[in-house]
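Trainee: This is model.txt, which holds compact mmCIF, C-alpha atoms (C1' of nucleotides):
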```txt
# COMPACT_ATOMS: atom_id res chain seq x y z
CA MET A 1 18.69 -67.94 269.57
CA THR A 2 17.19 -71.06 271.23
CA GLU A 3 17.21 -71.53 274.95
CA SER A 4 19.75 -74.33 274.80
CA THR A 5 22.49 -72.07 273.37
CA ARG A 6 22.19 -69.84 276.42
CA ARG A 7 22.56 -72.63 278.97
CA ARG A 8 24.54 -71.88 282.08
CA PRO A 9 28.08 -73.25 281.99
CA ARG A 10 28.86 -76.58 283.55
CA ALA A 11 29.82 -76.32 287.20
CA ASP A 12 33.33 -77.73 286.73
CA ALA A 13 33.99 -75.36 283.83
CA LEU A 14 32.98 -72.39 285.94
CA ARG A 15 35.17 -73.57 288.78
CA ASN A 16 38.16 -74.09 286.46
CA ARG A 17 37.68 -70.62 285.06
CA GLU A 18 37.70 -69.10 288.53
CA ARG A 19 40.80 -71.02 289.58
CA LEU A 20 42.59 -70.03 286.37
CA LEU A 21 41.81 -66.37 286.97
CA ALA A 22 42.95 -66.55 290.60
CA GLU A 23 46.24 -68.27 289.74
CA ALA A 24 46.86 -66.04 286.71
CA ASP A 25 46.46 -63.00 288.94
CA ALA A 26 48.98 -64.38 291.43
CA VAL A 27 51.48 -65.45 288.76
CA PHE A 28 51.20 -62.19 286.79
CA ARG A 29 51.78 -60.19 289.98
CA GLU A 30 54.94 -62.18 290.62
CA GLN A 31 56.30 -62.55 287.09
CA GLY A 32 54.44 -60.13 284.85
CA THR A 33 51.99 -60.73 282.00
CA GLY A 34 54.67 -62.59 280.04
CA ALA A 35 54.77 -65.46 282.54
CA SER A 36 54.46 -69.06 281.38
CA LEU A 37 50.82 -70.04 280.82
CA GLU A 38 51.83 -73.65 281.39
CA GLY A 39 52.73 -72.62 284.94
CA VAL A 40 49.38 -70.90 285.43
CA ALA A 41 47.52 -74.01 284.30
CA ARG A 42 49.62 -76.28 286.52
CA ARG A 43 49.01 -74.08 289.58
CA ALA A 44 45.29 -74.09 288.81
CA GLY A 45 45.34 -77.88 288.61
CA VAL A 46 44.16 -78.11 285.00
CA ALA A 47 45.75 -79.11 281.71
CA ILE A 48 47.12 -76.44 279.40
CA GLY A 49 44.34 -77.12 276.88
CA THR A 50 41.76 -76.13 279.47
CA LEU A 51 43.38 -72.73 279.83
CA TYR A 52 43.27 -72.19 276.08
CA GLY A 53 39.67 -73.36 276.01
CA HIS A 54 38.67 -70.59 278.39
CA PHE A 55 41.09 -67.90 277.19
CA PRO A 56 42.15 -68.26 273.55
CA THR A 57 44.89 -65.63 273.84
CA ARG A 58 47.10 -64.22 276.57
CA THR A 59 45.44 -60.86 276.09
CA ALA A 60 42.00 -62.39 276.56
CA LEU A 61 43.17 -63.69 279.93
CA VAL A 62 44.54 -60.28 280.88
CA ALA A 63 41.29 -58.64 279.77
CA ALA A 64 39.24 -61.01 281.92
CA LEU A 65 41.46 -60.25 284.91
CA LEU A 66 41.05 -56.53 284.40
CA GLU A 67 37.28 -56.64 284.20
CA ALA A 68 36.61 -56.80 287.92
CA ARG A 69 39.32 -54.27 288.75
CA ASN A 70 38.15 -51.93 286.02
CA ARG A 71 34.64 -51.69 287.36
CA GLU A 72 36.00 -50.35 290.63
CA LEU A 73 38.29 -47.91 288.82
CA PHE A 74 35.57 -46.54 286.57
CA GLU A 75 33.25 -46.04 289.52
CA HIS A 76 35.99 -44.01 291.13
CA GLY A 77 36.31 -42.00 287.92
CA ASP A 78 32.57 -41.32 287.83
CA ARG A 79 32.66 -40.12 291.44
CA LEU A 80 35.57 -37.82 290.61
CA ALA A 81 33.54 -36.27 287.80
CA ALA A 82 31.37 -34.74 290.53
CA ASP A 83 34.30 -33.55 292.68
CA PRO A 84 34.09 -29.84 293.60
CA ASP A 85 37.83 -29.38 292.88
CA PRO A 86 38.36 -30.37 289.22
CA ALA A 87 42.17 -30.01 289.35
CA ARG A 88 42.46 -32.25 292.36
CA ALA A 89 40.03 -34.73 290.78
CA LEU A 90 42.17 -34.88 287.66
CA ALA A 91 45.38 -35.52 289.60
CA ASP A 92 43.61 -38.12 291.72
CA TRP A 93 42.33 -39.93 288.62
CA ILE A 94 45.75 -40.03 287.01
CA ARG A 95 47.39 -41.50 290.09
CA ALA A 96 44.63 -44.08 290.47
CA VAL A 97 44.97 -45.27 286.87
CA VAL A 98 48.77 -45.46 287.11
CA ARG A 99 48.57 -47.63 290.22
CA HIS A 100 45.98 -49.74 288.42
CA ALA A 101 48.07 -50.11 285.26
CA ALA A 102 51.21 -51.05 287.16
CA ALA A 103 49.64 -54.09 288.85
CA TYR A 104 51.40 -56.54 286.52
CA GLN A 105 54.74 -56.02 284.82
CA GLY A 106 53.88 -55.68 281.14
CA LEU A 107 50.32 -54.46 281.64
CA ALA A 108 51.14 -50.92 280.49
CA ALA A 109 52.44 -52.32 277.19
CA GLU A 110 49.33 -54.47 276.87
CA LEU A 111 47.10 -51.42 277.35
CA ALA A 112 49.17 -49.26 275.02
CA ALA A 113 48.84 -51.92 272.29
CA ARG A 114 45.10 -51.17 272.16
CA SER A 115 44.17 -54.75 271.24
CA ASP A 116 40.56 -55.60 270.41
CA GLU A 117 40.15 -57.42 273.71
CA LEU A 118 41.10 -54.33 275.70
CA GLN A 119 39.77 -51.51 273.59
CA ASP A 120 36.57 -51.16 275.61
CA SER A 121 38.66 -50.47 278.70
CA CYS A 122 40.84 -48.03 276.77
CA HIS A 123 37.86 -46.10 275.40
CA ARG A 124 36.31 -45.94 278.83
CA MET A 125 39.54 -44.53 280.24
CA THR A 126 40.02 -41.84 277.62
CA GLY A 127 36.33 -40.98 277.97
CA ILE A 128 36.66 -40.32 281.68
CA GLY A 129 39.90 -38.46 280.99
CA ASP A 130 38.16 -36.21 278.47
CA LEU A 131 35.39 -35.48 280.93
CA LEU A 132 37.78 -34.61 283.75
CA THR A 133 40.01 -32.42 281.60
CA ASP A 134 36.96 -30.62 280.17
CA ARG A 135 35.73 -29.87 283.65
CA ALA A 136 39.15 -28.72 284.81
CA ARG A 137 39.50 -26.49 281.75
CA ALA A 138 36.05 -24.99 282.28
CA ALA A 139 37.12 -24.15 285.84
CA GLY A 140 40.24 -22.43 284.53
CA ALA A 141 42.44 -24.99 286.28
CA LEU A 142 44.14 -26.19 283.14
CA ARG A 143 46.60 -24.59 280.84
CA GLY A 144 47.13 -25.81 277.32
CA ASP A 145 44.75 -28.06 275.44
CA THR A 146 45.27 -31.35 277.24
CA THR A 147 42.90 -34.13 276.13
CA GLY A 148 41.90 -37.58 277.35
CA ALA A 149 44.30 -39.03 274.78
CA ASP A 150 47.17 -37.08 276.35
CA LEU A 151 46.21 -38.47 279.72
CA PHE A 152 46.14 -42.00 278.34
CA THR A 153 49.66 -41.60 276.97
CA LEU A 154 50.92 -40.08 280.20
CA MET A 155 49.33 -42.72 282.37
CA ASN A 156 50.71 -45.61 280.36
CA ALA A 157 54.17 -44.05 280.26
CA ALA A 158 54.13 -43.46 284.02
CA ALA A 159 52.92 -47.02 284.66
CA TRP A 160 55.74 -48.29 282.47
CA ALA A 161 58.23 -46.15 284.39
CA ARG A 162 56.90 -47.62 287.61
CA GLU A 163 57.73 -51.09 286.31
CA HIS A 164 61.28 -50.20 285.28
CA ASP A 165 62.27 -47.45 287.71
CA THR A 166 61.46 -47.07 291.37
CA PRO A 167 57.87 -46.02 292.22
CA ALA A 168 59.37 -42.80 293.61
CA GLN A 169 60.96 -41.93 290.26
CA ALA A 170 57.70 -42.66 288.46
CA ASP A 171 55.89 -40.37 290.89
CA ARG A 172 58.37 -37.59 290.13
CA LEU A 173 57.57 -38.02 286.44
CA LEU A 174 53.88 -37.72 287.19
CA ASP A 175 54.42 -34.63 289.35
CA LEU A 176 56.40 -33.04 286.55
CA ALA A 177 53.67 -33.64 283.97
CA LEU A 178 50.94 -32.54 286.38
CA ALA A 179 52.83 -29.31 287.09
CA GLY A 180 52.92 -28.70 283.36
CA MET A 181 49.24 -29.43 282.96
CA ILE A 182 47.56 -27.68 285.86
CA ALA A 183 47.44 -23.90 286.00
CA ARG A 184 49.13 -22.40 289.05
CA MET B 1 100.56 -59.25 278.21
CA THR B 2 102.59 -60.64 275.30
CA GLU B 3 102.36 -59.18 271.86
CA SER B 4 100.56 -62.23 270.49
CA THR B 5 97.50 -61.80 272.75
CA ARG B 6 97.01 -58.31 271.35
CA ARG B 7 97.09 -59.33 267.72
CA ARG B 8 94.72 -57.62 265.40
CA PRO B 9 91.61 -59.69 264.65
CA ARG B 10 91.56 -61.85 261.57
CA ALA B 11 90.29 -60.04 258.50
CA ASP B 12 87.28 -62.32 257.98
CA ALA B 13 86.30 -61.99 261.66
CA LEU B 14 86.37 -58.22 261.40
CA ARG B 15 84.32 -58.31 258.23
CA ASN B 16 81.75 -60.67 259.78
CA ARG B 17 81.45 -58.39 262.79
CA GLU B 18 80.79 -55.38 260.57
CA ARG B 19 78.21 -57.22 258.50
CA LEU B 20 76.47 -58.49 261.63
CA LEU B 21 76.27 -54.96 263.03
CA ALA B 22 74.93 -53.57 259.75
CA GLU B 23 72.25 -56.25 259.41
CA ALA B 24 71.34 -56.10 263.10
CA ASP B 25 70.80 -52.36 262.75
CA ALA B 26 68.53 -52.89 259.76
CA VAL B 27 66.59 -55.75 261.34
CA PHE B 28 66.17 -53.98 264.70
CA ARG B 29 64.89 -50.87 262.94
CA GLU B 30 62.28 -53.00 261.18
CA GLN B 31 61.33 -55.42 263.93
CA GLY B 32 62.70 -54.08 267.22
CA THR B 33 65.41 -55.40 269.53
CA GLY B 34 63.47 -58.60 270.11
CA ALA B 35 63.88 -59.73 266.49
CA SER B 36 65.14 -63.22 265.68
CA LEU B 37 68.95 -63.37 265.90
CA GLU B 38 68.82 -66.33 263.52
CA GLY B 39 67.45 -63.92 260.93
CA VAL B 40 70.21 -61.39 261.58
CA ALA B 41 72.87 -64.07 261.09
CA ARG B 42 71.23 -65.34 257.92
CA ARG B 43 71.04 -61.84 256.43
CA ALA B 44 74.69 -61.28 257.33
CA GLY B 45 75.60 -64.52 255.56
CA VAL B 46 77.08 -66.24 258.62
CA ALA B 47 76.03 -69.14 260.84
CA ILE B 48 74.23 -68.44 264.10
CA GLY B 49 77.27 -69.57 266.11
CA THR B 50 79.31 -66.77 264.53
CA LEU B 51 76.88 -64.21 265.85
CA TYR B 52 77.12 -65.63 269.35
CA GLY B 53 80.91 -65.71 269.06
CA HIS B 54 80.99 -61.96 268.48
CA PHE B 55 78.08 -60.96 270.72
CA PRO B 56 77.41 -63.38 273.60
CA THR B 57 74.07 -61.76 274.50
CA ARG B 58 71.42 -59.78 272.73
CA THR B 59 72.19 -56.81 274.96
CA ALA B 60 75.87 -56.97 274.00
CA LEU B 61 74.81 -56.63 270.35
CA VAL B 62 72.57 -53.69 271.19
CA ALA B 63 75.37 -52.07 273.19
CA ALA B 64 77.80 -52.42 270.27
CA LEU B 65 75.23 -50.85 267.93
CA LEU B 66 74.73 -47.94 270.29
CA GLU B 67 78.41 -47.16 270.64
CA ALA B 68 78.82 -45.24 267.40
CA ARG B 69 75.51 -43.45 267.78
CA ASN B 70 76.24 -42.58 271.41
CA ARG B 71 79.48 -40.81 270.60
CA GLU B 72 77.57 -38.39 268.38
CA LEU B 73 74.87 -37.88 271.02
CA PHE B 74 77.33 -37.18 273.82
CA GLU B 75 79.21 -34.68 271.71
CA HIS B 76 75.92 -32.91 271.16
CA GLY B 77 75.36 -32.94 274.92
CA ASP B 78 78.79 -31.47 275.57
CA ARG B 79 78.13 -28.69 273.08
CA LEU B 80 74.79 -27.95 274.74
CA ALA B 81 76.57 -27.56 278.09
CA ALA B 82 78.07 -24.36 276.66
CA ASP B 83 74.80 -23.06 275.21
CA PRO B 84 73.97 -19.48 276.30
CA ASP B 85 70.30 -20.43 276.89
CA PRO B 86 70.29 -23.22 279.51
CA ALA B 87 66.54 -23.84 279.33
CA ARG B 88 66.61 -24.24 275.58
CA ALA B 89 69.71 -26.46 275.86
CA LEU B 90 67.91 -28.71 278.33
CA ALA B 91 64.83 -29.07 276.12
CA ASP B 92 67.06 -29.69 273.11
CA TRP B 93 68.98 -32.43 274.94
CA ILE B 94 65.82 -34.20 276.06
CA ARG B 95 64.39 -34.28 272.56
CA ALA B 96 67.68 -35.52 271.11
CA VAL B 97 67.91 -38.39 273.58
CA VAL B 98 64.31 -39.40 273.03
CA ARG B 99 64.80 -39.57 269.27
CA HIS B 100 67.97 -41.57 269.94
CA ALA B 101 66.28 -43.99 272.32
CA ALA B 102 63.35 -44.62 270.00
CA ALA B 103 65.51 -45.87 267.12
CA TYR B 104 64.59 -49.50 267.77
CA GLN B 105 61.37 -50.79 269.29
CA GLY B 106 62.41 -52.14 272.70
CA LEU B 107 65.48 -49.97 273.11
CA ALA B 108 63.88 -47.85 275.82
CA ALA B 109 63.22 -50.99 277.87
CA GLU B 110 66.79 -52.14 277.28
CA LEU B 111 68.12 -48.81 278.55
CA ALA B 112 65.75 -48.72 281.50
CA ALA B 113 66.94 -52.19 282.54
CA ARG B 114 70.39 -50.69 283.26
CA SER B 115 72.24 -53.87 282.31
CA ASP B 116 76.00 -54.05 282.83
CA GLU B 117 76.62 -53.80 279.10
CA LEU B 118 74.77 -50.49 278.88
CA GLN B 119 75.49 -48.88 282.22
CA ASP B 120 78.35 -46.76 280.88
CA SER B 121 75.93 -45.16 278.43
CA CYS B 122 73.35 -44.68 281.17
CA HIS B 123 75.82 -43.01 283.52
CA ARG B 124 77.04 -40.76 280.77
CA MET B 125 73.46 -39.72 280.04
CA THR B 126 72.50 -38.93 283.62
CA GLY B 127 75.82 -37.09 283.99
CA ILE B 128 75.05 -34.78 281.10
CA GLY B 129 71.50 -34.43 282.42
CA ASP B 130 72.79 -33.38 285.85
CA LEU B 131 75.09 -30.83 284.27
CA LEU B 132 72.36 -29.32 282.12
CA THR B 133 69.80 -29.17 284.94
CA ASP B 134 72.38 -27.61 287.29
CA ARG B 135 73.14 -24.92 284.75
CA ALA B 136 69.46 -24.27 284.10
CA ARG B 137 68.76 -24.06 287.81
CA ALA B 138 71.67 -21.65 288.35
CA ALA B 139 70.16 -19.46 285.64
CA GLY B 140 66.81 -19.50 287.42
CA ALA B 141 65.22 -21.29 284.47
CA LEU B 142 64.12 -24.32 286.46
CA ARG B 143 61.49 -24.79 289.07
CA GLY B 144 61.54 -27.69 291.47
CA ASP B 145 64.54 -29.88 292.12
CA THR B 146 64.77 -31.82 288.88
CA THR B 147 67.85 -34.07 288.59
CA GLY B 148 69.61 -36.04 285.88
CA ALA B 149 67.86 -39.16 287.19
CA ASP B 150 64.47 -37.48 286.62
CA LEU B 151 65.52 -36.69 283.08
CA PHE B 152 66.58 -40.28 282.50
CA THR B 153 63.18 -41.55 283.65
CA LEU B 154 61.35 -38.98 281.53
CA MET B 155 63.41 -39.67 278.44
CA ASN B 156 62.94 -43.42 278.63
CA ALA B 157 59.22 -43.07 279.28
CA ALA B 158 58.84 -40.68 276.33
CA ALA B 159 60.87 -42.97 274.08
CA TRP B 160 58.65 -45.85 275.11
CA ALA B 161 55.55 -43.76 274.39
CA ARG B 162 56.99 -43.01 270.96
CA GLU B 163 57.15 -46.74 270.28
CA HIS B 164 53.57 -47.43 271.34
CA ASP B 165 51.75 -44.19 270.56
CA THR B 166 52.18 -41.83 267.66
CA PRO B 167 55.30 -39.62 267.70
CA ALA B 168 52.95 -36.65 268.02
CA GLN B 169 51.43 -38.03 271.23
CA ALA B 170 54.88 -38.70 272.65
CA ASP B 171 55.87 -35.11 271.84
CA ARG B 172 52.85 -33.86 273.72
CA LEU B 173 53.96 -35.87 276.74
CA LEU B 174 57.40 -34.28 276.49
CA ASP B 175 55.91 -30.79 276.17
CA LEU B 176 53.81 -31.40 279.24
CA ALA B 177 56.78 -32.48 281.34
CA LEU B 178 58.95 -29.67 280.01
CA ALA B 179 56.27 -27.14 280.88
CA GLY B 180 56.29 -28.52 284.41
CA MET B 181 60.05 -28.38 284.63
CA ILE B 182 60.99 -25.05 283.14
CA ALA B 183 60.13 -21.83 284.92
CA ARG B 184 57.97 -19.48 282.89
C1' DA C 1 30.20 -79.64 276.79
C1' DC C 2 34.38 -79.77 278.58
C1' DC C 3 38.95 -81.68 279.73
C1' DT C 4 43.34 -84.06 278.82
C1' DG C 5 48.05 -84.23 277.35
C1' DA C 6 50.76 -85.91 273.54
C1' DA C 7 52.39 -83.87 269.36
C1' DC C 8 53.88 -80.17 266.69
C1' DA C 9 56.20 -75.84 265.79
C1' DC C 10 59.36 -72.37 266.68
C1' DC C 11 63.37 -70.24 268.34
C1' DG C 12 67.26 -69.30 271.36
C1' DT C 13 71.75 -71.23 272.74
C1' DT C 14 75.66 -74.39 272.95
C1' DC C 15 79.56 -76.98 271.42
C1' DA C 16 82.12 -80.69 268.92
C1' DA C 17 84.11 -80.83 264.52
C1' DG C 18 86.10 -78.49 260.76
C1' DT C 19 89.10 -74.94 258.28
C1' DA D 1 91.57 -68.15 265.75
C1' DC D 2 87.42 -68.38 263.89
C1' DC D 3 83.39 -70.53 261.67
C1' DT D 4 79.83 -74.08 260.96
C1' DG D 5 75.42 -76.13 261.84
C1' DA D 6 73.50 -80.14 264.08
C1' DA D 7 71.75 -80.99 268.59
C1' DC D 8 69.58 -79.64 272.68
C1' DA D 9 66.31 -77.11 275.50
C1' DC D 10 62.32 -74.59 276.25
C1' DC D 11 57.80 -73.04 275.63
C1' DG D 12 53.60 -71.70 273.22
C1' DT D 13 49.66 -73.75 270.74
C1' DT D 14 46.67 -77.21 268.68
C1' DC D 15 43.64 -81.11 268.37
C1' DA D 16 42.25 -86.08 268.46
C1' DA D 17 40.65 -88.90 271.98
C1' DG D 18 38.36 -89.42 276.27
C1' DT D 19 34.74 -88.41 279.91
```
Would you give me this structure, written as structure tokens?
Mentor:
Amino acid sequence: MTESTRRRPRADALRNRERLLAEADAVFREQGTGASLEGVARRAGVAIGTLYGHFPTRTALVAALLEARNRELFEHGDRLAADPDPARALADWIRAVVRHAAAYQGLAAELAARSDELQDSCHRMTGIGDLLTDRARAAGALRGDTTGADLFTLMNAAAWAREHDTPAQADRLLDLALAGMIAR
Amino acid sequence: MTESTRRRPRADALRNRERLLAEADAVFREQGTGASLEGVARRAGVAIGTLYGHFPTRTALVAALLEARNRELFEHGDRLAADPDPARALADWIRAVVRHAAAYQGLAAELAARSDELQDSCHRMTGIGDLLTDRARAAGALRGDTTGADLFTLMNAAAWAREHDTPAQADRLLDLALAGMIAR
DNA sequence: ACCTGAACACCGTTCAAGT
DNA sequence: ACCTGAACACCGTTCAAGT
């Protein structure tokens, strides 16, 4: 690997990338992850080919958007792993991920699809889920044999419900599942 | 309303309608409710305009497909309303609806959208859900204040999970929520 | 190295003409 | 009364030409 292949990106390319991410975030919040990419490019002031140059697929764009937000989320998860109340930590984690996954309409489906571009995020999430459920189980706060995979399913389903129902209804779904999961 | 406006449909029109429904069912089972309508028409041996003549929107086609299946489902619900074990009846109903709503990929989203074409079905479902939860509550088999609307949210979310996860994972989600709903 | 935007491809929907 | 299918519209994606 010669030095030249590792050159820093051109300044205009970096700036275009940033503007594309900022506009994609705004557009996806308004219209969901299925929004027109042509519109994103136009709002960012670049041609559609530039968007494809930076992000070859829609999912790649979504993955790039999630990266910054994910870091924050995972840090929160790591902090929760040291929480003195494992049951509360688990519930807290679930609610945090659901809010996270309901940022854009369609994001829950994107996550549930487990595409290559997003599988790092998915693994990270189930990993933290496994850790938190293990701790809760060890503390006798869990009934049943809930795993990180169960959490992942629940969180995606609740995020999807949040997109299609009212947030209040989605919260009731979460409360129901939590009541079934956590020992009284 | 003169007699002529109530004439029975032409025989070929009726036959085309039946063929379109049969092929749409097959195609939606294979490819989901988002499948190409052009393909449905081609498989039914009619032009695309004929499909639109019978079913002006995709949702209208889905609604027509559901009609026959719904009748069966609602009869099951009515029978369950007389079940001696209200908790078991409730769990039975939920599982039946989820299987029903996971017939085609995308059907859960279609139901959750509560379009005009499908709102009769949705009302009927929440109605039966209200009845079954009321009976379970009266029998002391329920904890919390679960309603038919909660059931509707849960059933759609579980059906959606069934589309994106394995059926086994979706069942675990259902079990979790049921455990939270039904008094031990 | 990156950007542009015309060109291509695909599919949903309509509607004038036909039977 | 119903069917046909060409025509239109829309949008995602690619790539040759330009800087």
Trainee: Where does chain C meet chain A within 12 Å, residue by residue, with the nearest atom pair and distance in Å to one decimal for each, counting only C-alpha atoms (C1' of nucleotides), listed by chain and rising number, as a Markdown table?
Mentor:
```
| residue | atom | partner | partner_atom | distance |
| --- | --- | --- | --- | --- |
| C:DA1 | C1' | A:Arg10 | CA | 7.5 |
| C:DC2 | C1' | A:Ala13 | CA | 6.9 |
| C:DC3 | C1' | A:Thr50 | CA | 6.2 |
| C:DT4 | C1' | A:Ala47 | CA | 6.2 |
| C:DG5 | C1' | A:Ala47 | CA | 7.1 |
| C:DA6 | C1' | A:Gly49 | CA | 11.4 |
```
Trainee: Provide as a list of chain:residue names the residues of chain B at most 6 Å from chain A, counting only C-alpha atoms.
Mentor: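 Within 6 Å of chain A on chain B, we get B:Ala157, B:Leu176, B:Ala177, B:Ala179, B:Gly180.
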Trainee: Can you pull out every residue within 8 Å of segment 68-79 of chain A, counting only C-alpha atoms (C1' of nucleotides), but drop anything in the same chain fewer than 6 positions away, and send it as number ranges by chain?
Mentor: A: 93, 96-97, 100, 121, 124-125, 128
Trainee: Rounded to one decimal, what separation in Å do you get between atom CA of Tyr104 of chain A and atom CA of Phe28 of chain A?
Mentor: 5.7 Å
Trainee: For a test of reading the model, state the distance in Å between atom CA of Leu107 of chain B and atom CA of Arg29 of chain B, rounded to one decimal.
Mentor: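 Taking atom CA of Leu107 of chain B and atom CA of Arg29 of chain B, their separation equals 10.2 Å.
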Trainee: What does the distance from atom CA of Tyr52 of chain B to atom CA of Arg8 of chain B come to in Å, to one decimal?
Mentor: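 We find that atom CA of Tyr52 of chain B and atom CA of Arg8 of chain B lie 19.7 Å from each other.
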Trainee: Could you tell me which of A:Gly32, A:Gly140, A:Gly45, A:Gly127 comes closest to Ala81 of chain A if we count only C-alpha atoms?
Mentor: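 Selected residue with least distance to Ala81 of chain A: A:Gly127.
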